[in-house]
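Read the structure below first, then the notes.
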Amino acid sequence: MTYKDLEVYKRSYRLTLEIHKFSLKLPKSLQFDIADQIRRASRSVASNIAEGYARARSNKDKINFLRMALGSNEEMLFNLDFLKDSGLMENLCIQDGRASIHLTENNYIDLSSL
């Protein structure tokens with residue numbers, strides 16, 4: 001089994017792809033600001049899960065990377081809220097994103113027992 005077999009990784013990776021596609025549709029004036037930031041945060045979630053899984057021999061390291069993934073997840077949520085509240089994103093999109101993110105957050109607990 002590898003990190004790619006983990007449900008939380010699969011969901012995070014799919015969400016990363018969705019966020020990337022969405023962010024490219026934002027106005028050009030936001031491409032070097034918030035669009036770049038949400039792309040980096042979403043990639044950070046999946047990449048920290050992968051790295052944390054690879055460090056499973058050290059529970060301290062694994063937990064640290066999972067906490068970083070959760071922090072990046074919250075950063076992404078903040079930025080999606082900002083886009084919604086500033087009128088740059090439809091409410092339906094953010095609800096779908098929030099549902100995906102919420103499901104992902106629930107899986108972090110499962111990872112800590114690996």
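By order in the structure tokens, chains are A, B, ...; within a chain, residues start at 1; ligands start at 1, following the order shown.
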Practice prompt. Identify, on the basis of only C-alpha atoms, every residue whose closest approach to Arg40 in chain A does not exceed 12 Å; exclude the query and any residue fewer than 3 positions from it along the same chain; express the result as a VMD selection string.
Written response: chain A and resid 16 to 17 19 to 20 23 32 to 37 43 to 48 69 72 to 73 75 to 76 79
For Asp5 in chain A, work out the shell of residues within 12 Å, counting only C-alpha atoms and skipping chain neighbours fewer than 4 positions away, then give it as a CSV table (one decimal) with N, CA and C atoms, in the first residue's frame.
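Saved result, out.csv, follows:
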chain,number,residue,atom,x,y,z
A,1,MET,N,0.8,-1.2,0.0
A,1,MET,CA,0.0,0.0,0.0
A,1,MET,C,0.9,1.3,0.0
A,9,TYR,N,-5.9,11.0,0.5
A,9,TYR,CA,-5.0,11.5,-0.6
A,9,TYR,C,-5.8,11.6,-1.9
A,10,LYS,N,-6.5,10.6,-2.2
A,10,LYS,CA,-7.3,10.7,-3.5
A,10,LYS,C,-8.2,11.9,-3.5
A,11,ARG,N,-8.9,12.1,-2.4
A,11,ARG,CA,-9.8,13.2,-2.4
A,11,ARG,C,-9.1,14.6,-2.4
A,13,TYR,N,-6.2,15.1,-3.8
A,13,TYR,CA,-5.6,15.2,-5.1
A,13,TYR,C,-6.7,15.7,-6.1
A,49,ILE,N,0.3,15.1,2.8
A,49,ILE,CA,-0.2,13.7,3.1
A,49,ILE,C,0.8,12.7,2.6
A,50,ALA,N,1.3,12.9,1.4
A,50,ALA,CA,2.2,11.9,0.8
A,50,ALA,C,3.5,11.9,1.6
A,53,TYR,N,2.9,10.2,5.0
A,53,TYR,CA,2.8,8.8,4.9
A,53,TYR,C,4.1,8.1,4.8
A,111,LEU,N,-5.5,8.6,9.2
A,111,LEU,CA,-4.1,8.6,8.9
A,111,LEU,C,-3.2,8.5,10.1
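Proximity to Leu88 in chain A at 12 Å, evaluated using only C-alpha atoms and with sequence-adjacent residues fewer than 6 positions away removed, yields Phe22, Ser23, Lys25, Leu26, Pro27, Ser29, Leu30, Ile34, Ala35, Asn79, Leu80, Asp81, Phe82 and Ile94 of chain A.
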